[in-house]
Amino acid sequence: MADLVPEYLTFDYRCHFRGIPGTRHDPEDYPVFWTVKVKATDWENDDDEGKEVSVGEAHLYMVPDAGAIELFLTLDAVSQEVANVGEMLTINRPDLIDDMALGGDLLVLSSLRIAPTFRGNKLGHSILKAILCTVGRSASKVILEAAPVLTKGAPEEGTPEHDAAKVALRQYWESFGFQPAHGDYLVFDDMADVTD
């Protein structure tokens with residue numbers, strides 16, 4: 001397949017939420033969970049219609065007005081993964097949440113996976129930028145954990161391969177503009193360059 005041009009990708013945004021997001025919701029309902037599927041058209045077989053192929057997928061949580069709620073208690077009610085983010089922000093980096101006291105949403109990028117065929121050209125950067133320009137427009141901070149997902153067949157935690165993958169992920173996201181937050185967590189808050 002030819003190199004993908006980000007402008008020709010198709011994004012399918014999915015969110016299931018009952019009611020209007022707000023601090024009056026039960027904590028487990030409050031973060032808005034999104035799935036973003038990214039597809040492209042493969043024209044290699046000279047087919048007039050082309051063939052739709054899966055490029056990647058992202059999972060994220062939007063926490064509206066994150067600086068105005070008990071963040072750890074809210075995220076703790078959702079899952080351990082986002083509870084860890086809430087703990088890091090509340091205990092280790094409260095300054096990041098204090099900055100959000102006047103408003104702004106928190107976007108927690110749970111995962112962003114690119115199909116192996118399309119890796120190597122910073123397509124993840126283009127996908128995250130698209131997310132920030134659509135559902136993430138009101139996000140004032142983005143948090144992600146730059147650590148490989150522990151799946152079957154992946155390097156085990158603590159091995160040299162796993163450590164090398166962590167370093168590579170950290171460098172990849174730092175080249176987007178993320179900064180160290182705490183441990184493996186990175187923070188991005190320079191939306192001006194992304195959404196213009």
# chains A, B, ... in the order shown; residues from 1 in each chain; ligands from 1
$ select_by_dssp --residues "range 90-170 of chain A" --states "helix (DSSP H, G or I)" --output "ChimeraX atom specification"
/A:90-92,94-98,116-118,123-133,160-170
$ write_last_selection --atoms "C-alpha atoms" --output "mmCIF file, in the first residue's frame"
data_model
loop_
_atom_site.group_PDB
_atom_site.id
_atom_site.type_symbol
_atom_site.label_atom_id
_atom_site.label_comp_id
_atom_site.auth_asym_id
_atom_site.auth_seq_id
_atom_site.Cartn_x
_atom_site.Cartn_y
_atom_site.Cartn_z
ATOM 1 C CA THR A 90 -3.478 14.170 42.808
ATOM 2 C CA ILE A 91 -0.440 13.001 44.777
ATOM 3 C CA ASN A 92 2.629 13.453 42.566
ATOM 4 C CA PRO A 94 -1.156 18.362 41.816
ATOM 5 C CA ASP A 95 0.253 21.427 40.043
ATOM 6 C CA LEU A 96 -1.037 20.020 36.739
ATOM 7 C CA ILE A 97 -4.601 19.892 38.084
ATOM 8 C CA ASP A 98 -4.292 23.217 39.913
ATOM 9 C CA PRO A 116 2.186 -2.790 11.886
ATOM 10 C CA THR A 117 1.912 -2.176 8.126
ATOM 11 C CA PHE A 118 1.579 1.576 8.682
ATOM 12 C CA LEU A 123 1.038 8.370 11.812
ATOM 13 C CA GLY A 124 0.246 8.211 15.543
ATOM 14 C CA HIS A 125 1.066 11.921 15.736
ATOM 15 C CA SER A 126 -1.395 12.677 12.937
ATOM 16 C CA ILE A 127 -4.099 10.580 14.591
ATOM 17 C CA LEU A 128 -3.626 12.238 17.985
ATOM 18 C CA LYS A 129 -3.690 15.659 16.326
ATOM 19 C CA ALA A 130 -6.989 14.749 14.621
ATOM 20 C CA ILE A 131 -8.426 13.627 17.974
ATOM 21 C CA LEU A 132 -7.326 16.867 19.628
ATOM 22 C CA CYS A 133 -8.873 18.911 16.800
ATOM 23 C CA PRO A 160 15.784 -5.274 28.290
ATOM 24 C CA GLU A 161 13.302 -5.520 25.390
ATOM 25 C CA HIS A 162 10.503 -4.007 27.480
ATOM 26 C CA ASP A 163 12.802 -1.229 28.714
ATOM 27 C CA ALA A 164 13.892 -0.462 25.132
ATOM 28 C CA ALA A 165 10.249 -0.292 24.033
ATOM 29 C CA LYS A 166 9.516 2.166 26.882
ATOM 30 C CA VAL A 167 12.402 4.392 25.820
ATOM 31 C CA ALA A 168 11.233 4.316 22.190
ATOM 32 C CA LEU A 169 7.639 5.201 23.151
ATOM 33 C CA ARG A 170 8.808 8.033 25.386
#
$ residues_around --residues "range 189-193 of chain A" --least-positions-apart "5" --cutoff "9 Å" --atoms "only C-alpha atoms" --output "ChimeraX atom specification"
/A:132,137,139-142,177-179
$ write_last_selection --atoms "N, CA, C and O atoms" --output "compact mmCIF listing (two decimals), in the first residue's frame"
# COMPACT_ATOMS: atom_id res chain seq x y z
N LEU A 132 -7.35 15.61 18.89
CA LEU A 132 -7.33 16.87 19.63
C LEU A 132 -8.07 17.99 18.89
O LEU A 132 -8.57 18.92 19.52
N ARG A 137 -10.99 19.23 21.57
CA ARG A 137 -10.78 20.67 21.40
C ARG A 137 -10.79 21.45 22.71
O ARG A 137 -10.14 22.48 22.83
N ALA A 139 -9.80 20.16 25.61
CA ALA A 139 -8.82 19.60 26.54
C ALA A 139 -7.70 20.60 26.77
O ALA A 139 -7.18 21.19 25.83
N SER A 140 -7.37 20.81 28.03
CA SER A 140 -6.24 21.69 28.32
C SER A 140 -5.00 20.87 28.69
O SER A 140 -3.89 21.40 28.68
N LYS A 141 -5.21 19.58 28.99
CA LYS A 141 -4.08 18.69 29.28
C LYS A 141 -4.39 17.31 28.69
O LYS A 141 -5.53 16.86 28.70
N VAL A 142 -3.34 16.66 28.21
CA VAL A 142 -3.43 15.28 27.73
C VAL A 142 -2.40 14.48 28.52
O VAL A 142 -1.25 14.89 28.64
N GLY A 177 5.62 16.60 21.52
CA GLY A 177 5.55 17.76 22.41
C GLY A 177 5.22 17.40 23.85
O GLY A 177 5.09 18.28 24.70
N PHE A 178 5.08 16.11 24.15
CA PHE A 178 4.82 15.69 25.53
C PHE A 178 6.04 15.95 26.39
O PHE A 178 7.18 15.90 25.91
N GLN A 179 5.77 16.21 27.67
CA GLN A 179 6.81 16.45 28.66
C GLN A 179 6.66 15.42 29.78
O GLN A 179 5.56 14.92 30.02
$ closest_residue --among "A:Ala83, A:Leu71, A:Leu107, A:Val55" --to "Val135 in chain A" --atoms "only C-alpha atoms"
A:Leu107
$ atom_distance --atom1 "CA of Ser110 in chain A" --atom2 "CA of Glu52 in chain A"
25.3 Å
$ atom_distance --atom1 "CA of Leu60 in chain A" --atom2 "CA of Ser111 in chain A"
6.9 Å
$ select_by_dssp --residues "range 4-195 of chain A" --states "strand (DSSP E or B)" --output "VMD selection string"
chain A and resid 10 to 15 32 to 42 51 to 63 105 to 114 139 to 145 179 to 182 185 to 188
$ atom_distance --atom1 "CA of Val85 in chain A" --atom2 "CA of Arg119 in chain A"
26.9 Å
$ residues_around --residues "Tyr30 in chain A" --least-positions-apart "6" --cutoff "12 Å" --atoms "only C-alpha atoms" --output "PyMOL selection string"
chain A and resi 16-24+61-66+69-71+73-78+105-106
$ write_last_selection --atoms "N, CA and C atoms" --output "short mmCIF file (atom, residue, chain, number, x, y, z; two decimals), in the first residue's frame"
data_model
loop_
_atom_site.label_atom_id
_atom_site.label_comp_id
_atom_site.auth_asym_id
_atom_site.auth_seq_id
_atom_site.Cartn_x
_atom_site.Cartn_y
_atom_site.Cartn_z
N HIS A 16 -20.53 6.40 23.97
CA HIS A 16 -21.84 6.05 24.51
C HIS A 16 -21.94 6.71 25.87
N PHE A 17 -22.90 7.63 26.01
CA PHE A 17 -23.03 8.35 27.27
C PHE A 17 -24.50 8.68 27.50
N ARG A 18 -24.99 8.39 28.68
CA ARG A 18 -26.38 8.69 29.01
C ARG A 18 -26.46 10.07 29.66
N GLY A 19 -27.21 10.96 29.06
CA GLY A 19 -27.38 12.29 29.64
C GLY A 19 -26.34 13.26 29.15
N ILE A 20 -26.17 14.33 29.87
CA ILE A 20 -25.21 15.37 29.54
C ILE A 20 -24.06 15.27 30.53
N PRO A 21 -22.81 15.18 30.04
CA PRO A 21 -21.69 15.06 30.97
C PRO A 21 -21.65 16.23 31.95
N GLY A 22 -21.37 15.93 33.19
CA GLY A 22 -21.29 16.98 34.20
C GLY A 22 -20.97 16.40 35.56
N THR A 23 -20.60 17.27 36.48
CA THR A 23 -20.16 16.81 37.79
C THR A 23 -21.28 16.21 38.61
N ARG A 24 -22.53 16.34 38.19
CA ARG A 24 -23.64 15.75 38.94
C ARG A 24 -23.84 14.26 38.63
N TYR A 61 -10.26 8.78 27.41
CA TYR A 61 -11.25 9.28 28.37
C TYR A 61 -11.18 10.80 28.36
N MET A 62 -12.33 11.44 28.23
CA MET A 62 -12.42 12.89 28.40
C MET A 62 -13.05 13.13 29.76
N VAL A 63 -12.40 13.96 30.58
CA VAL A 63 -12.92 14.30 31.89
C VAL A 63 -13.25 15.79 31.87
N PRO A 64 -14.53 16.14 31.67
CA PRO A 64 -14.90 17.56 31.61
C PRO A 64 -14.61 18.27 32.92
N ASP A 65 -14.11 19.49 32.82
CA ASP A 65 -13.84 20.33 33.99
C ASP A 65 -13.08 19.58 35.08
N ALA A 66 -11.99 18.95 34.70
CA ALA A 66 -11.24 18.08 35.61
C ALA A 66 -10.71 18.81 36.83
N ILE A 69 -13.39 18.95 40.12
CA ILE A 69 -13.96 17.75 40.74
C ILE A 69 -12.90 17.08 41.61
N GLU A 70 -13.34 16.10 42.38
CA GLU A 70 -12.41 15.24 43.12
C GLU A 70 -11.90 14.20 42.11
N LEU A 71 -10.82 14.53 41.44
CA LEU A 71 -10.35 13.74 40.31
C LEU A 71 -10.04 12.30 40.68
N LEU A 73 -11.12 10.40 43.18
CA LEU A 73 -12.33 9.64 43.52
C LEU A 73 -13.15 9.33 42.28
N THR A 74 -13.22 10.27 41.36
CA THR A 74 -13.96 10.04 40.13
C THR A 74 -13.30 8.97 39.28
N LEU A 75 -12.00 9.09 39.06
CA LEU A 75 -11.31 8.13 38.20
C LEU A 75 -11.17 6.77 38.86
N ASP A 76 -11.09 6.74 40.18
CA ASP A 76 -11.00 5.47 40.90
C ASP A 76 -12.26 4.63 40.69
N ALA A 77 -13.38 5.28 40.44
CA ALA A 77 -14.64 4.56 40.23
C ALA A 77 -14.73 3.95 38.83
N VAL A 78 -13.82 4.32 37.93
CA VAL A 78 -13.92 3.88 36.54
C VAL A 78 -13.12 2.61 36.29
N ASP A 105 -10.78 20.58 30.03
CA ASP A 105 -10.98 19.15 30.16
C ASP A 105 -9.64 18.43 30.20
N LEU A 106 -9.66 17.26 30.80
CA LEU A 106 -8.50 16.39 30.84
C LEU A 106 -8.76 15.25 29.86
#
